[in-house]
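Next up, coords06.csv (CSV, C-alpha atoms and all ligand atoms):
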```csv
chain,number,residue,atom,x,y,z
A,9,MET,CA,0.0,0.0,0.0
A,10,PRO,CA,1.3,3.5,-0.9
A,11,GLN,CA,1.9,5.5,2.3
A,12,GLN,CA,1.2,9.1,3.1
A,13,VAL,CA,4.0,10.8,5.1
A,14,LYS,CA,5.1,14.3,6.1
A,15,ALA,CA,7.8,15.9,4.1
A,16,VAL,CA,9.5,19.2,3.2
A,17,ILE,CA,9.1,20.4,-0.3
A,18,ALA,CA,10.1,23.4,-2.4
A,19,ARG,CA,7.1,24.2,-4.5
A,20,ALA,CA,8.4,27.0,-6.6
A,21,LYS,CA,11.6,29.0,-7.3
A,22,GLY,CA,12.5,31.1,-4.3
A,23,ALA,CA,9.4,30.3,-2.3
A,24,PRO,CA,9.9,29.3,1.3
A,25,VAL,CA,9.9,25.5,1.8
A,26,GLU,CA,6.8,24.0,3.3
A,27,VAL,CA,5.8,20.8,5.2
A,28,THR,CA,3.2,18.9,3.3
A,29,THR,CA,1.9,15.3,2.9
A,30,ILE,CA,3.5,13.2,0.1
A,31,VAL,CA,2.7,9.7,-1.2
A,32,VAL,CA,5.5,7.1,-1.0
A,33,PRO,CA,4.9,4.0,-3.2
A,34,ASP,CA,5.7,0.5,-2.1
A,35,PRO,CA,9.3,-0.4,-3.3
A,36,GLY,CA,9.5,-1.9,-6.7
A,37,PRO,CA,12.2,-4.1,-8.0
A,38,GLY,CA,15.6,-2.9,-6.8
A,39,GLU,CA,14.1,-0.3,-4.5
A,40,ALA,CA,13.7,0.3,-0.8
A,41,VAL,CA,11.6,2.4,1.5
A,42,VAL,CA,13.6,3.9,4.4
A,43,ARG,CA,12.2,5.4,7.6
A,44,ILE,CA,14.3,8.5,8.0
A,45,GLN,CA,15.7,9.2,11.5
A,46,ALA,CA,17.9,12.2,10.7
A,47,CYS,CA,18.7,14.4,7.7
A,48,GLY,CA,21.2,17.3,7.6
A,49,VAL,CA,20.6,20.6,5.9
A,50,CYS,CA,23.0,21.2,3.1
A,51,HIS,CA,23.7,24.1,0.6
A,52,THR,CA,22.5,21.9,-2.2
A,53,ASP,CA,19.0,21.8,-0.7
A,54,LEU,CA,19.0,25.6,-0.8
A,55,HIS,CA,20.3,25.7,-4.4
A,56,TYR,CA,17.4,23.4,-5.4
A,57,ARG,CA,14.9,25.7,-3.8
A,58,GLU,CA,16.5,28.7,-5.5
A,59,GLY,CA,16.2,27.0,-8.9
A,60,GLY,CA,20.0,26.9,-9.1
A,61,ILE,CA,20.2,23.2,-10.1
A,62,ASN,CA,17.2,22.8,-12.5
A,63,ASP,CA,13.6,23.8,-12.6
A,64,GLU,CA,11.9,20.5,-12.1
A,65,PHE,CA,9.8,21.8,-9.2
A,66,PRO,CA,8.4,20.6,-6.9
A,67,PHE,CA,11.5,19.3,-5.2
A,68,LEU,CA,11.5,16.9,-2.2
A,69,LEU,CA,14.5,18.3,-0.3
A,70,GLY,CA,17.0,16.7,2.0
A,71,HIS,CA,19.8,14.2,1.2
A,72,GLU,CA,22.2,13.8,4.1
A,73,ALA,CA,20.3,11.1,5.9
A,74,ALA,CA,20.3,8.0,8.0
A,75,GLY,CA,17.4,5.7,8.8
A,76,ILE,CA,16.0,2.2,9.0
A,77,VAL,CA,15.1,0.1,6.0
A,78,GLU,CA,11.3,-0.5,6.2
A,79,SER,CA,10.7,-2.6,3.1
A,80,VAL,CA,12.5,-3.7,0.0
A,81,GLY,CA,11.3,-4.6,-3.5
A,82,GLU,CA,11.9,-7.7,-5.6
A,83,GLY,CA,15.5,-8.8,-6.2
A,84,VAL,CA,17.0,-6.7,-3.4
A,85,THR,CA,19.7,-8.6,-1.6
A,86,GLU,CA,22.1,-6.0,-0.2
A,87,VAL,CA,19.8,-4.7,2.5
A,88,GLU,CA,16.8,-6.0,4.4
A,89,PRO,CA,14.1,-4.5,6.6
A,90,GLY,CA,15.5,-3.4,10.0
A,91,ASP,CA,19.0,-2.5,8.6
A,92,PHE,CA,20.4,0.9,9.8
A,93,VAL,CA,21.6,2.7,6.7
A,94,VAL,CA,23.2,5.9,5.5
A,95,LEU,CA,21.7,7.1,2.2
A,96,ASN,CA,24.1,7.9,-0.6
A,97,TRP,CA,23.9,9.5,-4.0
A,98,ARG,CA,26.4,7.2,-5.6
A,99,ALA,CA,24.6,3.8,-6.2
A,100,VAL,CA,27.1,2.4,-8.7
A,101,CYS,CA,26.0,0.6,-11.8
A,102,GLY,CA,28.8,-2.0,-12.1
A,103,GLN,CA,28.5,-1.8,-15.9
A,104,CYS,CA,29.9,1.6,-17.1
A,105,ARG,CA,33.4,2.1,-18.3
A,106,ALA,CA,34.6,3.4,-14.8
A,107,CYS,CA,33.0,0.5,-13.0
A,108,LYS,CA,34.4,-2.0,-15.5
A,109,ARG,CA,37.9,-0.6,-14.9
A,110,GLY,CA,37.6,-1.2,-11.2
A,111,ARG,CA,37.0,2.4,-10.4
A,112,PRO,CA,33.4,2.4,-9.2
A,113,GLN,CA,33.9,5.6,-7.2
A,114,TYR,CA,33.9,7.4,-10.5
A,115,CYS,CA,30.7,5.5,-11.8
A,116,PHE,CA,29.2,7.5,-14.7
A,117,ASN,CA,25.8,5.9,-14.5
A,118,THR,CA,24.6,6.0,-10.9
A,119,HIS,CA,20.9,5.3,-10.3
A,120,ASN,CA,18.0,6.2,-8.2
A,121,ALA,CA,14.5,4.8,-7.5
A,122,LYS,CA,12.5,4.3,-10.8
A,123,GLN,CA,9.1,5.0,-9.3
A,124,LYS,CA,8.1,8.6,-8.3
A,125,MET,CA,6.9,9.9,-5.0
A,126,THR,CA,4.1,12.4,-5.5
A,127,LEU,CA,1.9,15.0,-3.8
A,128,LEU,CA,-1.6,14.0,-2.9
A,129,ASP,CA,-2.9,15.2,-6.2
A,130,GLY,CA,-0.5,13.0,-8.1
A,131,THR,CA,2.1,15.7,-9.0
A,132,GLU,CA,5.5,13.9,-9.3
A,133,LEU,CA,8.2,15.1,-7.0
A,134,SER,CA,11.9,15.5,-7.8
A,135,PRO,CA,13.9,14.2,-4.9
A,136,ALA,CA,17.1,16.2,-4.1
A,137,LEU,CA,20.1,14.2,-5.4
A,138,GLY,CA,17.7,11.3,-6.0
A,139,ILE,CA,17.1,11.0,-2.2
A,140,GLY,CA,14.5,13.4,-0.7
A,141,ALA,CA,14.9,12.7,3.0
A,142,PHE,CA,13.3,15.7,4.8
A,143,ALA,CA,10.5,13.2,5.1
A,144,GLU,CA,9.3,10.6,7.5
A,145,LYS,CA,9.9,8.0,4.8
A,146,THR,CA,11.5,8.0,1.4
A,147,LEU,CA,11.9,5.7,-1.6
A,148,VAL,CA,15.4,5.1,-3.0
A,149,ALA,CA,17.3,2.6,-5.0
A,150,ALA,CA,18.5,-0.2,-2.7
A,151,GLY,CA,22.1,0.6,-3.8
A,152,GLN,CA,21.6,4.1,-2.2
A,153,CYS,CA,21.4,2.4,1.2
A,154,THR,CA,24.7,1.7,2.9
A,155,LYS,CA,24.6,-0.4,6.0
A,156,VAL,CA,26.6,0.9,8.9
A,157,ASP,CA,27.0,0.0,12.6
A,158,PRO,CA,23.6,0.8,14.3
A,159,ALA,CA,25.4,1.9,17.4
A,160,ALA,CA,26.1,5.3,15.6
A,161,GLU,CA,23.9,8.3,16.3
A,162,PRO,CA,21.6,8.8,13.3
A,163,ALA,CA,22.1,12.6,13.3
A,164,VAL,CA,25.8,12.0,13.0
A,165,ALA,CA,25.8,9.1,10.7
A,166,GLY,CA,23.6,10.8,8.1
A,167,LEU,CA,26.2,13.6,7.6
A,168,LEU,CA,28.4,11.1,5.8
A,169,GLY,CA,25.8,11.0,3.1
A,170,CYS,CA,27.0,14.3,1.6
A,171,GLY,CA,29.0,17.3,2.8
A,172,VAL,CA,31.2,15.7,5.5
A,173,MET,CA,32.1,12.8,3.2
A,174,ALA,CA,32.9,15.3,0.4
A,175,GLY,CA,35.3,17.1,2.7
A,176,LEU,CA,36.9,14.0,4.3
A,177,GLY,CA,37.2,12.4,0.9
A,178,ALA,CA,38.7,15.5,-0.7
A,179,ALA,CA,41.6,15.1,1.7
A,180,ILE,CA,42.0,11.4,2.1
A,181,ASN,CA,40.8,10.0,-1.3
A,182,THR,CA,41.3,12.8,-3.9
A,183,GLY,CA,44.2,14.6,-2.3
A,184,ASN,CA,45.7,11.4,-1.0
A,185,VAL,CA,47.0,13.2,2.1
A,186,GLY,CA,49.5,11.1,3.9
A,187,ARG,CA,51.6,10.9,7.0
A,188,GLY,CA,53.8,14.0,7.4
A,189,ASP,CA,52.2,16.1,4.7
A,190,SER,CA,51.5,19.8,4.9
A,191,VAL,CA,47.9,20.6,4.0
A,192,ALA,CA,46.0,23.9,3.7
A,193,VAL,CA,42.2,24.0,3.6
A,194,ILE,CA,40.6,27.2,2.2
A,195,GLY,CA,37.1,27.7,3.5
A,196,CYS,CA,36.3,25.8,6.7
A,197,GLY,CA,32.6,25.3,6.8
A,198,GLY,CA,31.1,21.8,7.0
A,199,VAL,CA,33.1,20.6,3.9
A,200,GLY,CA,36.4,22.3,4.7
A,201,GLY,CA,36.1,21.4,8.3
A,202,ALA,CA,35.8,17.7,7.3
A,203,ALA,CA,38.9,18.1,5.1
A,204,VAL,CA,40.8,19.3,8.2
A,205,MET,CA,39.5,16.3,10.1
A,206,GLY,CA,40.4,14.0,7.3
A,207,SER,CA,43.9,15.4,7.1
A,208,ARG,CA,44.5,14.8,10.8
A,209,LEU,CA,43.2,11.3,10.4
A,210,ALA,CA,45.6,10.7,7.5
A,211,GLY,CA,48.6,11.9,9.6
A,212,ALA,CA,49.2,15.3,8.1
A,213,ALA,CA,52.0,17.1,10.1
A,214,LYS,CA,50.7,20.6,9.4
A,215,ILE,CA,47.1,21.6,8.8
A,216,ILE,CA,46.6,25.2,8.0
A,217,ALA,CA,42.9,26.4,8.1
A,218,VAL,CA,42.0,29.5,6.1
A,219,ASP,CA,38.7,31.3,6.3
A,220,ILE,CA,37.4,34.9,6.5
A,221,ASP,CA,35.3,34.1,9.6
A,222,ASP,CA,37.1,33.7,12.9
A,223,ARG,CA,34.3,31.5,14.3
A,224,LYS,CA,35.1,29.0,11.5
A,225,LEU,CA,38.8,29.2,12.3
A,226,GLU,CA,38.1,28.4,16.0
A,227,THR,CA,36.1,25.3,15.0
A,228,ALA,CA,38.8,24.3,12.5
A,229,ARG,CA,41.3,24.2,15.5
A,230,ARG,CA,39.0,21.9,17.3
A,231,LEU,CA,38.8,19.6,14.3
A,232,GLY,CA,42.6,19.4,14.0
A,233,ALA,CA,44.0,22.5,12.4
A,234,THR,CA,47.5,23.3,13.6
A,235,HIS,CA,47.5,26.8,12.3
A,236,THR,CA,44.8,29.3,11.2
A,237,VAL,CA,44.8,32.2,8.8
A,238,ASN,CA,42.1,34.8,8.5
A,239,SER,CA,42.3,35.7,4.8
A,240,ARG,CA,40.2,38.8,5.2
A,241,THR,CA,43.2,40.4,7.0
A,242,THR,CA,46.2,38.3,5.9
A,243,ASP,CA,47.3,37.3,2.5
A,244,PRO,CA,46.7,33.5,2.6
A,245,VAL,CA,49.3,32.6,0.0
A,246,GLU,CA,52.1,34.4,1.8
A,247,ALA,CA,50.9,33.0,5.2
A,248,ILE,CA,50.8,29.4,3.9
A,249,ARG,CA,54.2,29.8,2.3
A,250,GLU,CA,55.7,31.2,5.5
A,251,LEU,CA,54.2,28.4,7.6
A,252,THR,CA,55.8,25.8,5.2
A,253,GLY,CA,59.4,26.9,5.1
A,254,GLY,CA,58.7,29.3,2.2
A,255,ASN,CA,57.5,26.5,-0.1
A,256,GLY,CA,53.8,26.1,0.1
A,257,ALA,CA,51.6,23.1,1.2
A,258,ASP,CA,51.8,19.6,-0.3
A,259,VAL,CA,48.0,19.6,-0.7
A,260,VAL,CA,45.6,22.5,-0.8
A,261,VAL,CA,41.9,21.8,-0.5
A,262,GLU,CA,39.7,24.6,-1.9
A,263,ALA,CA,36.3,24.2,-0.2
A,264,VAL,CA,34.7,27.5,-1.2
A,265,GLY,CA,34.3,27.2,-5.0
A,266,ARG,CA,35.3,30.6,-6.2
A,267,PRO,CA,37.9,31.7,-8.8
A,268,GLU,CA,39.8,33.9,-6.3
A,269,THR,CA,40.1,31.2,-3.6
A,270,TYR,CA,41.0,28.7,-6.4
A,271,LYS,CA,43.9,31.0,-7.4
A,272,GLN,CA,45.0,31.2,-3.7
A,273,ALA,CA,45.0,27.4,-3.6
A,274,PHE,CA,46.9,27.2,-6.9
A,275,TYR,CA,49.7,29.5,-5.6
A,276,ALA,CA,49.7,28.3,-2.0
A,277,ARG,CA,50.8,24.7,-2.9
A,278,ASP,CA,54.4,23.6,-3.1
A,279,LEU,CA,56.0,22.7,-6.5
A,280,ALA,CA,54.6,19.4,-7.6
A,281,GLY,CA,51.8,19.7,-5.0
A,282,THR,CA,48.1,19.0,-5.4
A,283,VAL,CA,45.1,21.3,-5.5
A,284,VAL,CA,41.8,19.7,-4.8
A,285,LEU,CA,38.7,21.7,-5.7
A,286,VAL,CA,35.7,20.4,-3.6
A,287,GLY,CA,33.8,23.7,-3.4
A,288,VAL,CA,31.2,24.0,-6.1
A,289,PRO,CA,31.4,26.9,-8.5
A,290,THR,CA,28.4,28.5,-10.3
A,291,PRO,CA,28.0,28.5,-14.1
A,292,GLU,CA,29.1,32.1,-14.7
A,293,MET,CA,32.5,31.7,-12.9
A,294,THR,CA,35.7,31.6,-15.0
A,295,LEU,CA,39.3,31.2,-14.1
A,296,GLU,CA,42.4,32.8,-15.7
A,297,LEU,CA,45.9,31.6,-14.9
A,298,PRO,CA,49.2,31.9,-16.7
A,299,LEU,CA,49.5,28.6,-18.5
A,300,LEU,CA,53.3,28.8,-17.9
A,301,ASP,CA,52.5,28.6,-14.1
A,302,VAL,CA,50.2,25.6,-14.7
A,303,PHE,CA,53.0,23.9,-16.5
A,304,GLY,CA,56.0,25.1,-14.5
A,305,ARG,CA,54.6,24.3,-11.1
A,306,GLY,CA,53.9,20.8,-12.0
A,307,GLY,CA,51.8,18.5,-9.7
A,308,ALA,CA,48.1,17.9,-9.9
A,309,LEU,CA,45.0,20.0,-10.2
A,310,LYS,CA,42.1,17.8,-9.2
A,311,SER,CA,38.4,18.2,-8.5
A,312,SER,CA,36.6,16.0,-6.0
A,313,TRP,CA,33.0,14.9,-6.5
A,314,TYR,CA,31.5,13.5,-3.3
A,315,GLY,CA,35.0,13.1,-2.0
A,316,ASP,CA,35.7,10.4,-4.6
A,317,CYS,CA,33.9,8.1,-2.1
A,318,LEU,CA,32.7,4.6,-2.6
A,319,PRO,CA,29.9,4.5,0.0
A,320,SER,CA,30.2,0.7,0.6
A,321,ARG,CA,33.9,1.0,1.3
A,322,ASP,CA,34.0,4.4,3.1
A,323,PHE,CA,30.8,4.8,5.2
A,324,PRO,CA,31.2,1.7,7.4
A,325,MET,CA,34.9,2.4,7.9
A,326,LEU,CA,34.4,6.0,8.9
A,327,ILE,CA,31.5,5.1,11.2
A,328,ASP,CA,33.7,2.5,12.9
A,329,LEU,CA,36.4,5.1,13.4
A,330,TYR,CA,33.8,7.4,14.9
A,331,LEU,CA,32.5,4.7,17.3
A,332,GLN,CA,36.1,4.1,18.4
A,333,GLY,CA,36.5,7.7,19.2
A,334,ARG,CA,39.0,8.4,16.5
A,335,LEU,CA,36.9,10.6,14.3
A,336,ASP,CA,34.8,13.3,16.0
A,337,LEU,CA,32.0,13.3,13.4
A,338,GLY,CA,29.6,14.6,16.2
A,339,ALA,CA,31.5,17.9,16.0
A,340,PHE,CA,29.6,18.8,12.8
A,341,VAL,CA,26.2,18.7,14.4
A,342,THR,CA,25.6,22.2,15.5
A,343,GLU,CA,21.9,21.8,16.3
A,344,THR,CA,19.1,19.3,15.9
A,345,ILE,CA,15.8,20.7,14.6
A,346,GLU,CA,12.3,19.5,13.6
A,347,LEU,CA,11.0,19.1,10.1
A,348,ASP,CA,9.2,22.4,10.1
A,349,ALA,CA,12.3,24.4,10.9
A,350,VAL,CA,14.3,23.8,7.6
A,351,GLU,CA,13.6,27.3,6.3
A,352,GLN,CA,15.1,28.9,9.4
A,353,ALA,CA,18.0,26.5,9.1
A,354,PHE,CA,18.7,27.8,5.6
A,355,GLU,CA,18.9,31.3,7.0
A,356,ARG,CA,21.4,30.3,9.8
A,357,MET,CA,23.4,28.4,7.2
A,358,HIS,CA,23.5,31.5,5.0
A,359,GLN,CA,24.7,33.6,8.0
A,360,GLY,CA,27.5,31.1,8.6
A,361,ASP,CA,26.1,30.4,12.1
A,362,VAL,CA,26.2,26.6,11.8
A,363,LEU,CA,28.3,23.7,10.5
A,364,ARG,CA,25.2,21.6,10.1
A,365,SER,CA,21.6,21.8,11.3
A,366,VAL,CA,20.2,18.3,11.4
A,367,VAL,CA,16.5,17.4,11.2
A,368,VAL,CA,15.7,14.6,13.6
A,369,LEU,CA,12.5,12.6,13.1
B,1,LIG,N1,38.0,32.9,1.5
B,1,LIG,C1,38.0,32.0,2.5
B,1,LIG,N2,36.9,31.4,3.1
B,1,LIG,C2,35.7,31.8,2.6
B,1,LIG,C3,35.6,32.7,1.5
B,1,LIG,C4,36.8,33.3,1.0
B,1,LIG,N3,36.8,34.2,0.1
B,1,LIG,N4,34.3,32.9,1.2
B,1,LIG,C5,33.6,32.1,2.1
B,1,LIG,N5,34.5,31.4,2.9
B,1,LIG,C6,34.2,30.5,3.9
B,1,LIG,C7,33.0,30.8,4.8
B,1,LIG,O1,33.3,31.7,5.8
B,1,LIG,C8,32.6,29.4,5.3
B,1,LIG,O2,33.2,29.1,6.5
B,1,LIG,O3,33.9,29.2,3.3
B,1,LIG,C9,33.1,28.5,4.2
B,1,LIG,C10,32.0,27.8,3.4
B,1,LIG,O4,31.3,27.0,4.3
B,1,LIG,P1,29.8,26.7,4.3
B,1,LIG,O5,29.0,27.9,3.9
B,1,LIG,O6,29.4,26.0,5.6
B,1,LIG,O7,29.7,25.6,3.1
B,1,LIG,P2,30.1,24.1,3.1
B,1,LIG,O8,28.9,23.3,3.4
B,1,LIG,O9,31.3,23.8,3.8
B,1,LIG,O10,30.4,23.9,1.5
B,1,LIG,C11,31.5,24.5,0.9
B,1,LIG,O11,31.5,23.0,-0.9
B,1,LIG,O12,30.0,21.3,-1.4
B,1,LIG,C12,30.4,22.6,-1.7
B,1,LIG,O13,28.4,23.6,-2.4
B,1,LIG,C13,29.3,23.6,-1.4
B,1,LIG,O14,30.5,25.2,-2.6
B,1,LIG,C14,30.1,24.8,-1.3
B,1,LIG,C15,31.4,24.3,-0.6
B,2,ZN,ZN,29.2,2.5,-13.2
B,3,ZN,ZN,24.7,18.0,0.2
```

Show how you would write the structure in this file as structure tokens.
Amino acid sequence: MPQQVKAVIARAKGAPVEVTTIVVPDPGPGEAVVRIQACGVCHTDLHYREGGINDEFPFLLGHEAAGIVESVGEGVTEVEPGDFVVLNWRAVCGQCRACKRGRPQYCFNTHNAKQKMTLLDGTELSPALGIGAFAEKTLVAAGQCTKVDPAAEPAVAGLLGCGVMAGLGAAINTGNVGRGDSVAVIGCGGVGGAAVMGSRLAGAAKIIAVDIDDRKLETARRLGATHTVNSRTTDPVEAIRELTGGNGADVVVEAVGRPETYKQAFYARDLAGTVVLVGVPTPEMTLELPLLDVFGRGGALKSSWYGDCLPSRDFPMLIDLYLQGRLDLGAFVTETIELDAVEQAFERMHQGDVLRSVVVL
């Protein structure tokens, strides 16, 4: 039987989000219905509601979530009812050229549920990142459910579903930060903060946090930064070079997504160093760099989608480290809120007041 549940939708461009009733179908082949326990508020949800991603309104928002599998459709073997799962937006296909080369973390053909959730009048919803988890229940592809240790707090576990994984993975997967490395992270919100934490986990010797907001720099210290630079008052390229013996950092993670901060990252890395762009630019942004510098400085200029994570490999491992007290994922939960407070959470996110607000159901 299709179920009616409460959920947060964005009905039209720019309009405030609203709590409404939606219809969740029974899971079809390869699908699962998940009872959501917690879902973080991410910038991408705000981008959807502002029409910045596409105009397939109405959107069912929310995508950094954890919950319990309620039912599964035909042919689903990877999860079963009762499993505690973190939802992911990288259900890999196993068939595309990336998967076939043994690099499923780059899968070019990820999938979501085939059936649609709807409003009561039958209007089809577009779930954010194929998830839509500001809802009591949601329908996803079974491959979007990653089983993790149920001892983890749902509000914390869910954050691995997007921003925190993006930042951790930018450092440990894409940037390949290793023992003894020097790392600089430009922009220390939820994503950059997670890159700081990932760098500490990977054994970086020096972790330089750069932001224009002193509150974020204080948090970055708690997450593992060894040095902080306020780039509103101090030239970050000079500061990072000074802190690294005049050379620049081995890895610089850009977690803002703007041309000027990308340039800072480009010039703040050591020769043959790596830049990782994890901040998401907007379509009108362009970048100009002397090609000779791109050539002459060597190294690698990489971008990191979802932290190059493979959910089945990375989520259970990171949750285990969290449960062992070796990765303070709880530090990202600034506040827990109810389903009807998402609009206010967008406002606080916009003001830079929070790392993450998490809806708890
Ligand atoms: N220089 C340095 N830091 C900056 C600058 C700048 N010019 N502009 C903004 N920042 C800082 C902000 O002060 C804030 O601490 O960048 C941080 C951005 O953090 P959040 O707003 O919390 O965003 P976050 O969730 O971390 O995402 C960062 O990654 O996934 C993408 O879409 C996301 O582009 C966004 C980026
Ligand atoms: Zn694939
Ligand atoms: Zn997100």

Exercise for review: Collect all residues with atoms no farther than 7 Å from ligand ZN 2 (chain B), counting all atoms listed in the file, and output them as a ChimeraX atom specification.
Suggested key: /A:100-107,112,115-118

Check your understanding: Contacts of A:Ile17 at 12 Å or less, counting all atoms listed in the file, minus same-chain residues fewer than 4 places along, as number ranges by chain?
Key -> A: 21-30, 53-54, 56-57, 65-70, 125-127, 132-136, 140-143, 347-348, 350-351

Atoms kept (C-alpha atoms) for selection, written as a compact mmCIF listing (two decimals), keeping the file's coordinate frame:
```txt
# COMPACT_ATOMS: atom_id res chain seq x y z
CA LYS A 21 11.60 29.00 -7.30
CA GLY A 22 12.50 31.10 -4.30
CA ALA A 23 9.40 30.30 -2.30
CA PRO A 24 9.90 29.30 1.30
CA VAL A 25 9.90 25.50 1.80
CA GLU A 26 6.80 24.00 3.30
CA VAL A 27 5.80 20.80 5.20
CA THR A 28 3.20 18.90 3.30
CA THR A 29 1.90 15.30 2.90
CA ILE A 30 3.50 13.20 0.10
CA ASP A 53 19.00 21.80 -0.70
CA LEU A 54 19.00 25.60 -0.80
CA TYR A 56 17.40 23.40 -5.40
CA ARG A 57 14.90 25.70 -3.80
CA PHE A 65 9.80 21.80 -9.20
CA PRO A 66 8.40 20.60 -6.90
CA PHE A 67 11.50 19.30 -5.20
CA LEU A 68 11.50 16.90 -2.20
CA LEU A 69 14.50 18.30 -0.30
CA GLY A 70 17.00 16.70 2.00
CA MET A 125 6.90 9.90 -5.00
CA THR A 126 4.10 12.40 -5.50
CA LEU A 127 1.90 15.00 -3.80
CA GLU A 132 5.50 13.90 -9.30
CA LEU A 133 8.20 15.10 -7.00
CA SER A 134 11.90 15.50 -7.80
CA PRO A 135 13.90 14.20 -4.90
CA ALA A 136 17.10 16.20 -4.10
CA GLY A 140 14.50 13.40 -0.70
CA ALA A 141 14.90 12.70 3.00
CA PHE A 142 13.30 15.70 4.80
CA ALA A 143 10.50 13.20 5.10
CA LEU A 347 11.00 19.10 10.10
CA ASP A 348 9.20 22.40 10.10
CA VAL A 350 14.30 23.80 7.60
CA GLU A 351 13.60 27.30 6.30
```

Practice item. Using only C-alpha atoms and all ligand atoms, find each residue with an atom at most 9 Å away from ligand LIG 1 (chain B) and format the answer as a ChimeraX atom specification. Key: /A:50-52,55,170-172,174-175,194-202,218-225,238-240,244,262-266,268-269,272,285-290,313-314,357-364

Check your understanding: Quick one, how far is atom CA of A:Ala339 from atom CA of A:Val368?
Key ->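 The value is 16.3 Å.
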
Practice item. In Å, rounded to a single decimal, give me how far atom ZN of ligand ZN 3 (chain B) is from atom CA of A:Glu72. Key: 6.3 Å
